[in-house]
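So this block is start_18.pdb, PDB, C-alpha atoms:
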ATOM      1  CA  MET C 779     104.255 149.079 110.319
ATOM      2  CA  ASN C 780     107.260 147.777 108.383
ATOM      3  CA  ASP C 781     106.797 144.355 109.976
ATOM      4  CA  MET C 782     103.387 144.107 108.297
ATOM      5  CA  ILE C 783     104.832 144.477 104.796
ATOM      6  CA  HIS C 784     106.391 141.351 103.359
ATOM      7  CA  VAL C 785     107.047 141.017  99.644
ATOM      8  CA  SER C 786     107.603 137.521  98.318
ATOM      9  CA  SER C 787     107.036 135.386  95.265
ATOM     10  CA  SER C 788     103.946 133.233  94.900
ATOM     11  CA  PRO C 789     102.245 131.312  96.338
ATOM     12  CA  HIS C 790     100.799 133.995  98.593
ATOM     13  CA  VAL C 791      98.276 131.684 100.251
ATOM     14  CA  ARG C 792     100.236 129.649 102.781
ATOM     15  CA  SER C 793      99.490 126.661 104.955
ATOM     16  CA  ARG C 794     101.003 125.176 108.079
ATOM     17  CA  MET C 795     100.826 121.764 106.396
ATOM     18  CA  THR C 796     104.388 121.104 105.229
ATOM     19  CA  THR C 797     105.555 118.377 102.872
ATOM     20  CA  GLY C 798     107.135 116.537 105.766
ATOM     21  CA  ARG C 799     103.946 116.663 107.846
ATOM     22  CA  LEU C 800     101.891 115.395 104.907
ATOM     23  CA  MET C 801     104.222 112.465 104.334
ATOM     24  CA  HIS C 802     104.334 111.561 108.007
ATOM     25  CA  LEU C 803     100.529 111.641 108.287
ATOM     26  CA  VAL C 804     100.206 109.290 105.317
ATOM     27  CA  ILE C 805     102.790 106.971 106.882
ATOM     28  CA  ILE C 806     100.805 106.988 110.145
ATOM     29  CA  ALA C 807      97.620 106.226 108.187
ATOM     30  CA  LEU C 808      99.370 103.233 106.610
ATOM     31  CA  LEU C 809     100.423 101.776 109.958
ATOM     32  CA  PRO C 810      97.198  99.756 110.536
ATOM     33  CA  THR C 811      97.532  97.859 107.245
ATOM     34  CA  THR C 812     101.318  97.561 107.686
ATOM     35  CA  ILE C 813     100.998  96.062 111.155
ATOM     36  CA  PHE C 814      98.243  93.730 110.004
ATOM     37  CA  GLY C 815     100.279  92.678 106.961
ATOM     38  CA  ILE C 816     103.208  91.670 109.167
ATOM     39  CA  TYR C 817     100.831  89.854 111.540
ATOM     40  CA  ASN C 818      99.103  88.073 108.657
ATOM     41  CA  PHE C 819     102.183  87.057 106.660
ATOM     42  CA  GLY C 820     104.868  86.903 109.342
ATOM     43  CA  ALA C 821     108.534  87.894 109.441
ATOM     44  CA  LYS C 822     108.947  87.553 105.659
ATOM     45  CA  ALA C 823     106.638  90.529 105.198
ATOM     46  CA  ALA C 824     108.795  92.599 107.553
ATOM     47  CA  VAL C 825     111.906  91.693 105.529
ATOM     48  CA  VAL C 826     110.235  92.788 102.273
ATOM     49  CA  LEU C 827     109.113  96.092 103.816
ATOM     50  CA  LEU C 828     112.563  96.786 105.250
ATOM     51  CA  SER C 829     114.212  96.032 101.892
ATOM     52  CA  THR C 830     112.000  98.481 100.001
ATOM     53  CA  ILE C 831     112.164 101.221 102.647
ATOM     54  CA  ILE C 832     115.935 101.077 103.219
ATOM     55  CA  SER C 833     116.745 100.872  99.499
ATOM     56  CA  SER C 834     114.425 103.797  98.697
ATOM     57  CA  VAL C 835     115.863 106.067 101.377
ATOM     58  CA  LEU C 836     119.475 105.126 100.609
ATOM     59  CA  THR C 837     118.980 105.594  96.853
ATOM     60  CA  GLU C 838     117.594 109.093  97.372
ATOM     61  CA  TYR C 839     120.423 109.985  99.775
ATOM     62  CA  ILE C 840     123.207 108.636  97.530
ATOM     63  CA  TYR C 841     121.775 110.224  94.368
ATOM     64  CA  GLN C 842     121.328 113.645  95.941
ATOM     65  CA  ARG C 843     124.799 113.587  97.455
ATOM     66  CA  ALA C 844     126.340 112.468  94.159
ATOM     67  CA  MET C 845     124.491 115.195  92.230
ATOM     68  CA  LYS C 846     125.401 117.769  94.905
ATOM     69  CA  LYS C 847     121.740 118.460  95.628
ATOM     70  CA  THR C 848     120.068 119.185  98.941
ATOM     71  CA  VAL C 849     119.441 115.909 100.738
ATOM     72  CA  THR C 850     115.702 115.693 101.421
ATOM     73  CA  ILE C 851     115.257 112.267 103.002
ATOM     74  CA  SER C 852     114.054 113.944 106.212
ATOM     75  CA  ASP C 853     110.783 114.965 104.491
ATOM     76  CA  GLY C 854     109.669 111.328 104.548
ATOM     77  CA  SER C 855     108.795 111.067 100.847
ATOM     78  CA  ALA C 856     111.386 108.372 100.110
ATOM     79  CA  LEU C 857     110.325 106.437 103.204
ATOM     80  CA  LEU C 858     106.681 106.651 102.108
ATOM     81  CA  THR C 859     107.560 105.458  98.593
ATOM     82  CA  GLY C 860     109.429 102.488 100.030
ATOM     83  CA  LEU C 861     106.573 101.643 102.389
ATOM     84  CA  LEU C 862     103.937 101.820  99.632
ATOM     85  CA  LEU C 863     106.075  99.687  97.342
ATOM     86  CA  GLY C 864     106.559  97.077 100.054
ATOM     87  CA  LEU C 865     102.828  96.964 100.750
ATOM     88  CA  ASN C 866     102.291  96.253  97.047
ATOM     89  CA  LEU C 867     104.598  93.219  97.022
ATOM     90  CA  PRO C 868     103.894  89.626  98.089
ATOM     91  CA  SER C 869     105.592  88.536 101.308
ATOM     92  CA  THR C 870     107.258  85.711  99.350
ATOM     93  CA  ALA C 871     109.304  88.155  97.250
ATOM     94  CA  PRO C 872     113.084  87.836  97.808
ATOM     95  CA  TRP C 873     114.771  90.778  99.529
ATOM     96  CA  TRP C 874     116.687  91.672  96.374
ATOM     97  CA  VAL C 875     113.430  92.212  94.471
ATOM     98  CA  GLY C 876     112.439  94.788  97.096
ATOM     99  CA  VAL C 877     115.845  96.475  96.770
ATOM    100  CA  LEU C 878     115.624  96.575  92.973
ATOM    101  CA  GLY C 879     112.117  97.999  93.195
ATOM    102  CA  GLY C 880     113.188 100.686  95.670
ATOM    103  CA  VAL C 881     116.086 101.775  93.457
ATOM    104  CA  PHE C 882     113.848 101.882  90.367
ATOM    105  CA  ALA C 883     111.121 103.865  92.147
ATOM    106  CA  ILE C 884     113.453 106.568  93.436
ATOM    107  CA  LEU C 885     116.098 106.720  90.728
ATOM    108  CA  VAL C 886     114.136 106.114  87.509
ATOM    109  CA  VAL C 887     110.608 107.306  88.312
ATOM    110  CA  LYS C 888     111.372 110.123  90.770
ATOM    111  CA  GLN C 889     114.881 111.588  90.691
ATOM    112  CA  VAL C 890     115.636 111.353  86.962
ATOM    113  CA  PHE C 891     112.590 113.556  86.327
ATOM    114  CA  GLY C 892     113.669 116.176  88.867
ATOM    115  CA  GLY C 893     112.740 114.783  92.256
ATOM    116  CA  LEU C 894     109.677 115.266  94.414
ATOM    117  CA  GLY C 895     106.974 117.184  92.563
ATOM    118  CA  GLN C 896     108.370 116.427  89.095
ATOM    119  CA  ASN C 897     107.647 112.714  88.671
ATOM    120  CA  PHE C 898     104.893 111.968  86.144
ATOM    121  CA  MET C 899     103.633 108.775  87.812
ATOM    122  CA  ASN C 900     103.429 107.352  91.305
ATOM    123  CA  PRO C 901     106.953 105.995  92.010
ATOM    124  CA  ALA C 902     105.794 103.012  94.077
ATOM    125  CA  LEU C 903     103.299 101.885  91.445
ATOM    126  CA  GLY C 904     105.763 102.525  88.628
ATOM    127  CA  ALA C 905     108.236 100.241  90.383
ATOM    128  CA  ARG C 906     105.563  97.612  91.082
ATOM    129  CA  CYS C 907     104.594  97.456  87.414
ATOM    130  CA  PHE C 908     108.279  97.238  86.448
ATOM    131  CA  LEU C 909     108.754  94.307  88.829
ATOM    132  CA  LEU C 910     105.503  92.678  87.680
ATOM    133  CA  ILE C 911     106.647  92.756  84.059
ATOM    134  CA  SER C 912     110.238  91.700  84.843
ATOM    135  CA  PHE C 913     109.566  89.022  87.487
ATOM    136  CA  THR C 914     106.004  87.881  86.868
ATOM    137  CA  SER C 915     106.324  84.505  88.604
ATOM    138  CA  ILE C 916     107.801  86.081  91.749
ATOM    139  CA  MET C 917     105.262  88.911  91.855
ATOM    140  CA  THR C 918     102.307  86.535  91.500
ATOM    141  CA  ASN C 919     103.558  83.954  94.012
ATOM    142  CA  PHE C 920     101.380  84.511  97.069
ATOM    143  CA  PRO C 921     101.573  82.576 100.351
ATOM    144  CA  GLN C 922      98.732  80.182 101.032
ATOM    145  CA  ILE C 923      96.142  81.606 103.405
ATOM    146  CA  GLY C 924      93.284  79.252 104.221
ATOM    147  CA  ASP C 925      92.543  76.775 101.441
ATOM    148  CA  SER C 926      94.249  78.532  98.537
ATOM    149  CA  ALA C 927      97.281  80.566  97.517
ATOM    150  CA  ALA C 928      95.251  82.318  94.810
ATOM    151  CA  THR C 929      94.037  85.834  95.527
ATOM    152  CA  PRO C 930      90.263  86.164  96.067
ATOM    153  CA  LEU C 931      89.814  88.023  92.778
ATOM    154  CA  ALA C 932      91.715  85.351  90.862
ATOM    155  CA  ALA C 933      89.454  82.733  92.453
ATOM    156  CA  LEU C 934      86.386  84.845  91.652
ATOM    157  CA  LYS C 935      87.456  85.230  88.025
ATOM    158  CA  ALA C 936      87.882  81.452  87.814
ATOM    159  CA  GLY C 937      84.304  80.986  88.997
ATOM    160  CA  GLU C 938      85.193  79.874  92.523
ATOM    161  CA  ALA C 939      83.480  80.994  95.724
ATOM    162  CA  VAL C 940      85.178  83.547  97.961
ATOM    163  CA  ASN C 941      84.820  84.415 101.626
ATOM    164  CA  THR C 942      83.968  88.120 101.795
ATOM    165  CA  ARG C 943      84.199  88.153 105.597
ATOM    166  CA  ASP C 944      87.846  87.068 105.380
ATOM    167  CA  MET C 945      88.398  89.733 102.717
ATOM    168  CA  LEU C 946      87.028  92.442 105.005
ATOM    169  CA  LEU C 947      89.202  91.302 107.892
ATOM    170  CA  GLY C 948      92.235  90.514 105.750
ATOM    171  CA  PHE C 949      92.805  86.785 106.199
ATOM    172  CA  THR C 950      93.292  86.124 102.497
ATOM    173  CA  SER C 951      96.118  85.780  99.986
ATOM    174  CA  GLY C 952      97.459  88.921  98.354
ATOM    175  CA  THR C 953     100.133  91.539  98.670
ATOM    176  CA  ILE C 954     101.260  92.599 102.137
ATOM    177  CA  GLY C 955      99.122  95.723 102.355
ATOM    178  CA  GLU C 956      96.046  95.020 100.281
ATOM    179  CA  THR C 957      94.262  92.268 102.207
ATOM    180  CA  SER C 958      92.544  93.988 105.162
ATOM    181  CA  THR C 959      89.815  96.349 103.985
ATOM    182  CA  ILE C 960      89.071  97.377 107.580
ATOM    183  CA  ALA C 961      92.698  98.371 108.247
ATOM    184  CA  LEU C 962      92.792 100.375 105.006
ATOM    185  CA  LEU C 963      89.538 102.165 105.843
ATOM    186  CA  VAL C 964      90.924 103.099 109.276
ATOM    187  CA  GLY C 965      93.853 104.682 107.457
ATOM    188  CA  ALA C 966      91.489 106.438 105.035
ATOM    189  CA  ILE C 967      89.575 107.945 107.966
ATOM    190  CA  ILE C 968      92.860 109.296 109.365
ATOM    191  CA  LEU C 969      93.670 110.935 106.018
ATOM    192  CA  LEU C 970      90.211 112.497 105.779
ATOM    193  CA  TRP C 971      90.205 113.609 109.434
ATOM    194  CA  PHE C 972      93.487 115.510 109.065
ATOM    195  CA  GLU C 973      92.415 116.816 105.638
ATOM    196  CA  VAL C 974      95.391 115.232 103.911
ATOM    197  CA  ILE C 975      92.993 114.164 101.138
ATOM    198  CA  ASP C 976      89.354 114.825 100.276
ATOM    199  CA  ILE C 977      86.665 112.421  99.186
ATOM    200  CA  VAL C 978      86.407 113.474  95.515
ATOM    201  CA  ILE C 979      89.002 111.266  93.805
ATOM    202  CA  PRO C 980      88.679 108.078  95.900
ATOM    203  CA  GLY C 981      84.911 108.482  96.152
ATOM    204  CA  LEU C 982      84.404 108.853  92.402
ATOM    205  CA  TYR C 983      86.935 106.106  91.711
ATOM    206  CA  ILE C 984      85.078 103.588  93.882
ATOM    207  CA  LEU C 985      81.602 104.741  92.764
ATOM    208  CA  THR C 986      82.468 104.606  89.044
ATOM    209  CA  PHE C 987      84.052 101.188  89.447
ATOM    210  CA  LEU C 988      80.969  99.978  91.345
ATOM    211  CA  ILE C 989      78.634 101.143  88.566
ATOM    212  CA  PHE C 990      80.899  99.572  85.939
ATOM    213  CA  ILE C 991      80.962  96.113  87.544
ATOM    214  CA  VAL C 992      77.194  96.160  88.140
ATOM    215  CA  ILE C 993      76.592  96.893  84.445
ATOM    216  CA  PHE C 994      79.319  94.759  82.858
ATOM    217  CA  GLY C 995      80.304  92.241  85.533
ATOM    218  CA  GLY C 996      77.591  89.768  84.648
ATOM    219  CA  HIS C 997      76.425  89.381  88.265
ATOM    220  CA  GLY C 998      74.104  92.367  88.543
ATOM    221  CA  LEU C 999      73.580  93.489  92.138
ATOM    222  CA  ASP C1000      74.916  90.289  93.695
ATOM    223  CA  PRO C1001      76.220  91.546  97.099
ATOM    224  CA  THR C1002      78.900  88.849  97.399
ATOM    225  CA  TYR C1003      80.355  89.675  93.990
ATOM    226  CA  ILE C1004      80.262  93.424  94.611
ATOM    227  CA  THR C1005      81.842  93.115  98.065
ATOM    228  CA  ALA C1006      84.612  90.877  96.718
ATOM    229  CA  GLN C1007      85.393  93.307  93.901
ATOM    230  CA  LEU C1008      85.498  96.302  96.253
ATOM    231  CA  CYS C1009      87.593  94.585  98.918
ATOM    232  CA  GLY C1010      90.034  92.747  96.650
ATOM    233  CA  GLY C1011      92.865  93.519  94.281
ATOM    234  CA  GLY C1012      94.280  96.521  96.101
ATOM    235  CA  LEU C1013      91.353  98.777  95.185
ATOM    236  CA  MET C1014      91.153 100.368  98.641
ATOM    237  CA  LEU C1015      94.926 100.740  98.922
ATOM    238  CA  GLY C1016      95.090 102.322  95.474
ATOM    239  CA  ALA C1017      92.027 104.552  95.801
ATOM    240  CA  TRP C1018      92.857 106.092  99.182
ATOM    241  CA  PHE C1019      96.657 106.095  99.244
ATOM    242  CA  MET C1020      98.006 106.232  95.675
ATOM    243  CA  ALA C1021      95.381 107.702  93.367
ATOM    244  CA  THR C1022      95.308 110.728  95.704
ATOM    245  CA  ASP C1023      99.049 111.420  95.381
ATOM    246  CA  TYR C1024      99.393 115.226  95.188
ATOM    247  CA  VAL C1025     102.064 115.159  92.491
ATOM    248  CA  THR C1026     100.404 112.769  90.053
ATOM    249  CA  SER C1027      96.719 113.711  90.435
ATOM    250  CA  PRO C1028      94.936 116.783  89.008
ATOM    251  CA  ILE C1029      94.518 119.945  91.068
ATOM    252  CA  THR C1030      91.620 121.453  89.088
ATOM    253  CA  PRO C1031      88.100 120.662  90.386
ATOM    254  CA  LYS C1032      86.805 119.366  87.045
ATOM    255  CA  GLY C1033      90.061 117.527  86.446
ATOM    256  CA  ARG C1034      89.712 115.620  89.712
ATOM    257  CA  ILE C1035      86.245 114.485  88.664
ATOM    258  CA  ILE C1036      87.473 113.305  85.250
ATOM    259  CA  TYR C1037      90.450 111.596  86.873
ATOM    260  CA  GLY C1038      88.301 109.720  89.416
ATOM    261  CA  VAL C1039      85.887 108.510  86.745
ATOM    262  CA  MET C1040      88.768 107.496  84.480
ATOM    263  CA  LEU C1041      90.318 105.414  87.253
ATOM    264  CA  GLY C1042      87.059 103.565  87.869
ATOM    265  CA  VAL C1043      86.452 102.837  84.194
ATOM    266  CA  LEU C1044      90.003 101.622  83.540
ATOM    267  CA  THR C1045      90.022  99.377  86.610
ATOM    268  CA  GLY C1046      86.682  97.917  85.527
ATOM    269  CA  LEU C1047      87.937  97.332  81.982
ATOM    270  CA  PHE C1048      91.093  95.572  83.151
ATOM    271  CA  ARG C1049      89.262  93.389  85.660
ATOM    272  CA  ILE C1050      86.198  92.432  83.656
ATOM    273  CA  PHE C1051      87.548  92.250  80.120
ATOM    274  CA  GLY C1052      91.290  91.801  80.710
ATOM    275  CA  SER C1053      93.252  88.670  81.518
ATOM    276  CA  SER C1054      94.309  89.965  84.943
ATOM    277  CA  ALA C1055      92.011  89.874  87.962
ATOM    278  CA  GLU C1056      93.574  93.034  89.430
ATOM    279  CA  GLY C1057      94.100  96.176  87.286
ATOM    280  CA  VAL C1058      94.439  98.902  89.930
ATOM    281  CA  SER C1059      98.161  99.590  89.424
ATOM    282  CA  TYR C1060      97.907  99.923  85.656
ATOM    283  CA  ALA C1061      94.750 102.019  85.897
ATOM    284  CA  ILE C1062      96.471 104.518  88.187
ATOM    285  CA  ILE C1063      99.734 104.901  86.260
ATOM    286  CA  ILE C1064      97.898 105.217  82.916
ATOM    287  CA  SER C1065      95.665 107.895  84.436
ATOM    288  CA  ASN C1066      98.779 109.591  85.853
ATOM    289  CA  VAL C1067     100.108 109.974  82.310
ATOM    290  CA  PHE C1068      96.918 111.789  81.253
ATOM    291  CA  VAL C1069      96.942 114.238  84.191
ATOM    292  CA  PRO C1070      98.797 117.065  82.319
ATOM    293  CA  LEU C1071      96.276 116.801  79.464
ATOM    294  CA  ILE C1072      93.348 116.730  81.882
ATOM    295  CA  GLU C1073      94.614 119.839  83.663
ATOM    296  CA  LYS C1074      95.266 121.654  80.387
ATOM    297  CA  TYR C1075      91.606 121.436  79.394
ATOM    298  CA  THR C1076      90.079 121.913  82.851
ATOM    299  CA  ILE C1077      92.061 124.884  84.141
ATOM    300  CA  PRO C1078      89.647 127.704  85.131
ATOM    301  CA  ARG C1079      89.514 130.621  82.689
ATOM    302  CA  ALA C1080      90.967 133.858  84.034
ATOM    303  CA  PHE C1081      88.261 136.331  85.107
ATOM    304  CA  GLY C1082      87.696 139.111  82.603
ATOM    305  CA  TYR C1083      89.042 137.257  79.571
ATOM    306  CA  ARG C1084      87.450 135.061  76.953
ATOM    307  CA  LYS C1085      88.930 132.640  74.462
ATOM    308  CA  GLY C1086      91.386 134.403  72.157
ATOM    309  CA  GLY C1087      92.836 136.586  74.901
ATOM    310  CA  LYS C1088      90.435 139.529  74.461
ATOM    311  CA  LYS C1089      88.798 141.229  77.415
ATOM    312  CA  SER C1090      85.189 140.299  77.931
TER
END
Represent the structure contained in this file as structure tokens.
Amino acid sequence: MNDMIHVSSSPHVRSRMTTGRLMHLVIIALLPTTIFGIYNFGAKAAVVLLSTIISSVLTEYIYQRAMKKTVTISDGSALLTGLLLGLNLPSTAPWWVGVLGGVFAILVVKQVFGGLGQNFMNPALGARCFLLISFTSIMTNFPQIGDSAATPLAALKAGEAVNTRDMLLGFTSGTIGETSTIALLVGAIILLWFEVIDIVIPGLYILTFLIFIVIFGGHGLDPTYITAQLCGGGLMLGAWFMATDYVTSPITPKGRIIYGVMLGVLTGLFRIFGSSAEGVSYAIIISNVFVPLIEKYTIPRAFGYRKGGKKS
């Protein structure tokens, strides 16, 4: 009888899904686009990925040892941050840019704010935006694939034709992990199958963005334009793998809906009306900043109480 009584602090609803298992499943889901990125861009892509992964893991280890904290690199979160950062960089980036990005992601965006679960924005995207602002020419220098070194969305924005078949397969210019829509969708299926994520945030993100570009894109229901917008600019990588980050996305049902719609609108605004052809990274980190406010106004009201704290 005594074995059946166990008093503990919340949460009282437990799951077999640990932090480490979650991180490792996301890493596995990223393997198709990682492998394709190395195949598409060659050994330089592998060097960039190694630089971001090693620097991220080492930074977390050194910081936690120096601060006399529990070393948590075994949970895979630092490795995942490094991998996501590397997939968001061009294969032409020097190794030291990857190292600087890894240090910034872990030290400035993650650990300074308290470590895993305390960061207010996605560390990989925070580091990417830092590198994009600091080293614009390096971060926008893409290897030539086919007839052009410009990304498909940059070509589309300039009024040029794009090959949507190549965009689906991944044989286009871009960052290491954003080019192959098929590889990214395989990873998304893995995440959904193992219930690491659900469809709400990425689904609403993509749907809202689709509606936005149909209304404001100036091309109506042109299938080539729509396909190019959906497959390009890291939308699939951002929607399935970074917008769904547990720490920086809302946990309330209504909040997740607002968050997904906000992501779609911001990405549409940046792409259609902004100077950049991309916009996913900035849309996600700006939405990350609003998550506490979104959750504050969408948290379910406690049963039996009404506004003002009086019993109903």
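The space separating CA of Ser869 (chain C) from CA of Ala823 (chain C) comes to 4.5 Å.
CA of Met1040 (chain C) is found 9.1 Å from CA of Leu982 (chain C).
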Worksheet entry | Nearest to Trp873 (chain C) by atom-to-atom distance, counting all atoms listed in the file, from C:Gly893, C:His802, C:Thr914, C:Thr830 | C:Thr830
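Minimum distance to Ile1063 (chain C) across C:Ala905, C:Met945, C:Ala932, C:Leu963 (counting only C-alpha atoms) occurs at C:Ala905.
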Response to the item:
In Å and to one decimal, CA of Asn1066 (chain C) is distant from CA of Thr797 (chain C) by 20.3 Å
Enclose region 1015-1033 of chain C, meaning all of its atoms listed in the file, in a box aligned along x, y and z, pad it by 6 Å on each side, and list the centre and edge lengths in Å to one decimal, as AutoDock Vina command-line options.
--center_x 94.4 --center_y 111.1 --center_z 92.8 --size_x 27.3 --size_y 32.7 --size_z 24.8
Could you make a table, as a Markdown table, of the residues of region 846-928 of chain C that have an atom within 9 Å of an atom of region 1024-1030 of chain C, each with its nearest atom pair and distance in Å to one decimal, counting all atoms listed in the file, in chain and number order?
| residue | atom | partner | partner_atom | distance |
| --- | --- | --- | --- | --- |
| C:Leu894 | CA | C:Val1025 | CA | 7.9 |
| C:Gly895 | CA | C:Val1025 | CA | 5.3 |
| C:Gln896 | CA | C:Val1025 | CA | 7.3 |
| C:Asn897 | CA | C:Val1025 | CA | 7.2 |
| C:Phe898 | CA | C:Thr1026 | CA | 6.0 |
| C:Met899 | CA | C:Thr1026 | CA | 5.6 |
| C:Asn900 | CA | C:Thr1026 | CA | 6.3 |
Worksheet item: Which of these residues is nearest to Ala1055 (chain C), using only C-alpha atoms: C:Ala966, C:Ala928, C:Leu1041, C:Leu800?
Response: C:Ala928
Can you write out as a Markdown table which residues of region 802-908 of chain C fall within 12 Å of region 1057-1060 of chain C, alongside each residue's closest atom pair and its distance in Å to one decimal, counting only C-alpha atoms and ordering rows by chain and ascending residue number?
| residue | atom | partner | partner_atom | distance |
| --- | --- | --- | --- | --- |
| C:Leu862 | CA | C:Ser1059 | CA | 11.9 |
| C:Leu863 | CA | C:Ser1059 | CA | 11.2 |
| C:Asn866 | CA | C:Ser1059 | CA | 9.3 |
| C:Leu867 | CA | C:Ser1059 | CA | 11.8 |
| C:Met899 | CA | C:Tyr1060 | CA | 10.8 |
| C:Asn900 | CA | C:Ser1059 | CA | 9.6 |
| C:Pro901 | CA | C:Ser1059 | CA | 11.2 |
| C:Ala902 | CA | C:Ser1059 | CA | 9.6 |
| C:Leu903 | CA | C:Ser1059 | CA | 6.0 |
| C:Gly904 | CA | C:Ser1059 | CA | 8.2 |
| C:Ala905 | CA | C:Ser1059 | CA | 10.1 |
| C:Arg906 | CA | C:Ser1059 | CA | 7.8 |
| C:Cys907 | CA | C:Ser1059 | CA | 7.1 |
| C:Phe908 | CA | C:Tyr1060 | CA | 10.7 |
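Remark: for Pro1031 (chain C), the closest of the candidate residues C:Leu934, C:Ile832, C:Ala1061, C:Ile1072 is C:Ile1072 (distances computed over all atoms listed in the file).
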Discussion item. What's around Ile831 (chain C) at 12 Å? Count all atoms listed in the file, leave out sequence neighbours fewer than 2 positions away in its own chain, and write the answer as a ChimeraX atom specification.
Written reply: /C:805,824-829,833-838,851,854-865,873,876-881,883-884,902
With C-alpha atoms retained, write the just-selected residues as a PDB file, in the frame of the given file.
ATOM      1  CA  ILE C 805     102.790 106.971 106.882  1.00  0.00           C
ATOM      2  CA  ALA C 824     108.795  92.599 107.553  1.00  0.00           C
ATOM      3  CA  VAL C 825     111.906  91.693 105.529  1.00  0.00           C
ATOM      4  CA  VAL C 826     110.235  92.788 102.273  1.00  0.00           C
ATOM      5  CA  LEU C 827     109.113  96.092 103.816  1.00  0.00           C
ATOM      6  CA  LEU C 828     112.563  96.786 105.250  1.00  0.00           C
ATOM      7  CA  SER C 829     114.212  96.032 101.892  1.00  0.00           C
ATOM      8  CA  SER C 833     116.745 100.872  99.499  1.00  0.00           C
ATOM      9  CA  SER C 834     114.425 103.797  98.697  1.00  0.00           C
ATOM     10  CA  VAL C 835     115.863 106.067 101.377  1.00  0.00           C
ATOM     11  CA  LEU C 836     119.475 105.126 100.609  1.00  0.00           C
ATOM     12  CA  THR C 837     118.980 105.594  96.853  1.00  0.00           C
ATOM     13  CA  GLU C 838     117.594 109.093  97.372  1.00  0.00           C
ATOM     14  CA  ILE C 851     115.257 112.267 103.002  1.00  0.00           C
ATOM     15  CA  GLY C 854     109.669 111.328 104.548  1.00  0.00           C
ATOM     16  CA  SER C 855     108.795 111.067 100.847  1.00  0.00           C
ATOM     17  CA  ALA C 856     111.386 108.372 100.110  1.00  0.00           C
ATOM     18  CA  LEU C 857     110.325 106.437 103.204  1.00  0.00           C
ATOM     19  CA  LEU C 858     106.681 106.651 102.108  1.00  0.00           C
ATOM     20  CA  THR C 859     107.560 105.458  98.593  1.00  0.00           C
ATOM     21  CA  GLY C 860     109.429 102.488 100.030  1.00  0.00           C
ATOM     22  CA  LEU C 861     106.573 101.643 102.389  1.00  0.00           C
ATOM     23  CA  LEU C 862     103.937 101.820  99.632  1.00  0.00           C
ATOM     24  CA  LEU C 863     106.075  99.687  97.342  1.00  0.00           C
ATOM     25  CA  GLY C 864     106.559  97.077 100.054  1.00  0.00           C
ATOM     26  CA  LEU C 865     102.828  96.964 100.750  1.00  0.00           C
ATOM     27  CA  TRP C 873     114.771  90.778  99.529  1.00  0.00           C
ATOM     28  CA  GLY C 876     112.439  94.788  97.096  1.00  0.00           C
ATOM     29  CA  VAL C 877     115.845  96.475  96.770  1.00  0.00           C
ATOM     30  CA  LEU C 878     115.624  96.575  92.973  1.00  0.00           C
ATOM     31  CA  GLY C 879     112.117  97.999  93.195  1.00  0.00           C
ATOM     32  CA  GLY C 880     113.188 100.686  95.670  1.00  0.00           C
ATOM     33  CA  VAL C 881     116.086 101.775  93.457  1.00  0.00           C
ATOM     34  CA  ALA C 883     111.121 103.865  92.147  1.00  0.00           C
ATOM     35  CA  ILE C 884     113.453 106.568  93.436  1.00  0.00           C
ATOM     36  CA  ALA C 902     105.794 103.012  94.077  1.00  0.00           C
TER      37      ALA C 902
END
Which residues would end up in the selection if the PyMOL selection byres ((chain C and resi 815) around 12) were applied here, given that I need the answer as a compact mmCIF listing (two decimals) with C-alpha atoms, in the frame of the given file?
# COMPACT_ATOMS: atom_id res chain seq x y z
CA LEU C 808 99.37 103.23 106.61
CA LEU C 809 100.42 101.78 109.96
CA PRO C 810 97.20 99.76 110.54
CA THR C 811 97.53 97.86 107.24
CA THR C 812 101.32 97.56 107.69
CA ILE C 813 101.00 96.06 111.16
CA PHE C 814 98.24 93.73 110.00
CA ILE C 816 103.21 91.67 109.17
CA TYR C 817 100.83 89.85 111.54
CA ASN C 818 99.10 88.07 108.66
CA PHE C 819 102.18 87.06 106.66
CA GLY C 820 104.87 86.90 109.34
CA ALA C 821 108.53 87.89 109.44
CA LYS C 822 108.95 87.55 105.66
CA ALA C 823 106.64 90.53 105.20
CA ALA C 824 108.80 92.60 107.55
CA VAL C 825 111.91 91.69 105.53
CA VAL C 826 110.24 92.79 102.27
CA LEU C 827 109.11 96.09 103.82
CA LEU C 861 106.57 101.64 102.39
CA GLY C 864 106.56 97.08 100.05
CA LEU C 865 102.83 96.96 100.75
CA ASN C 866 102.29 96.25 97.05
CA LEU C 867 104.60 93.22 97.02
CA PRO C 868 103.89 89.63 98.09
CA SER C 869 105.59 88.54 101.31
CA LEU C 947 89.20 91.30 107.89
CA GLY C 948 92.24 90.51 105.75
CA PHE C 949 92.80 86.78 106.20
CA THR C 950 93.29 86.12 102.50
CA SER C 951 96.12 85.78 99.99
CA GLY C 952 97.46 88.92 98.35
CA THR C 953 100.13 91.54 98.67
CA ILE C 954 101.26 92.60 102.14
CA GLY C 955 99.12 95.72 102.36
CA GLU C 956 96.05 95.02 100.28
CA THR C 957 94.26 92.27 102.21
CA SER C 958 92.54 93.99 105.16
CA THR C 959 89.82 96.35 103.98
CA ALA C 961 92.70 98.37 108.25
CA LEU C 962 92.79 100.38 105.01
Worksheet item: the PyMOL selection byres ((chain C and resi 1035) around 10) on the file shown: which residues, as a PyMOL selection string?
Response: chain C and resi 978-983+1028+1030-1034+1036-1040
Fill in: For Leu931 (chain C), the nearest of the candidates C:Ile1064, C:Ile1050, C:Leu909, C:Leu1071, counting all atoms listed in the file
C:Ile1050
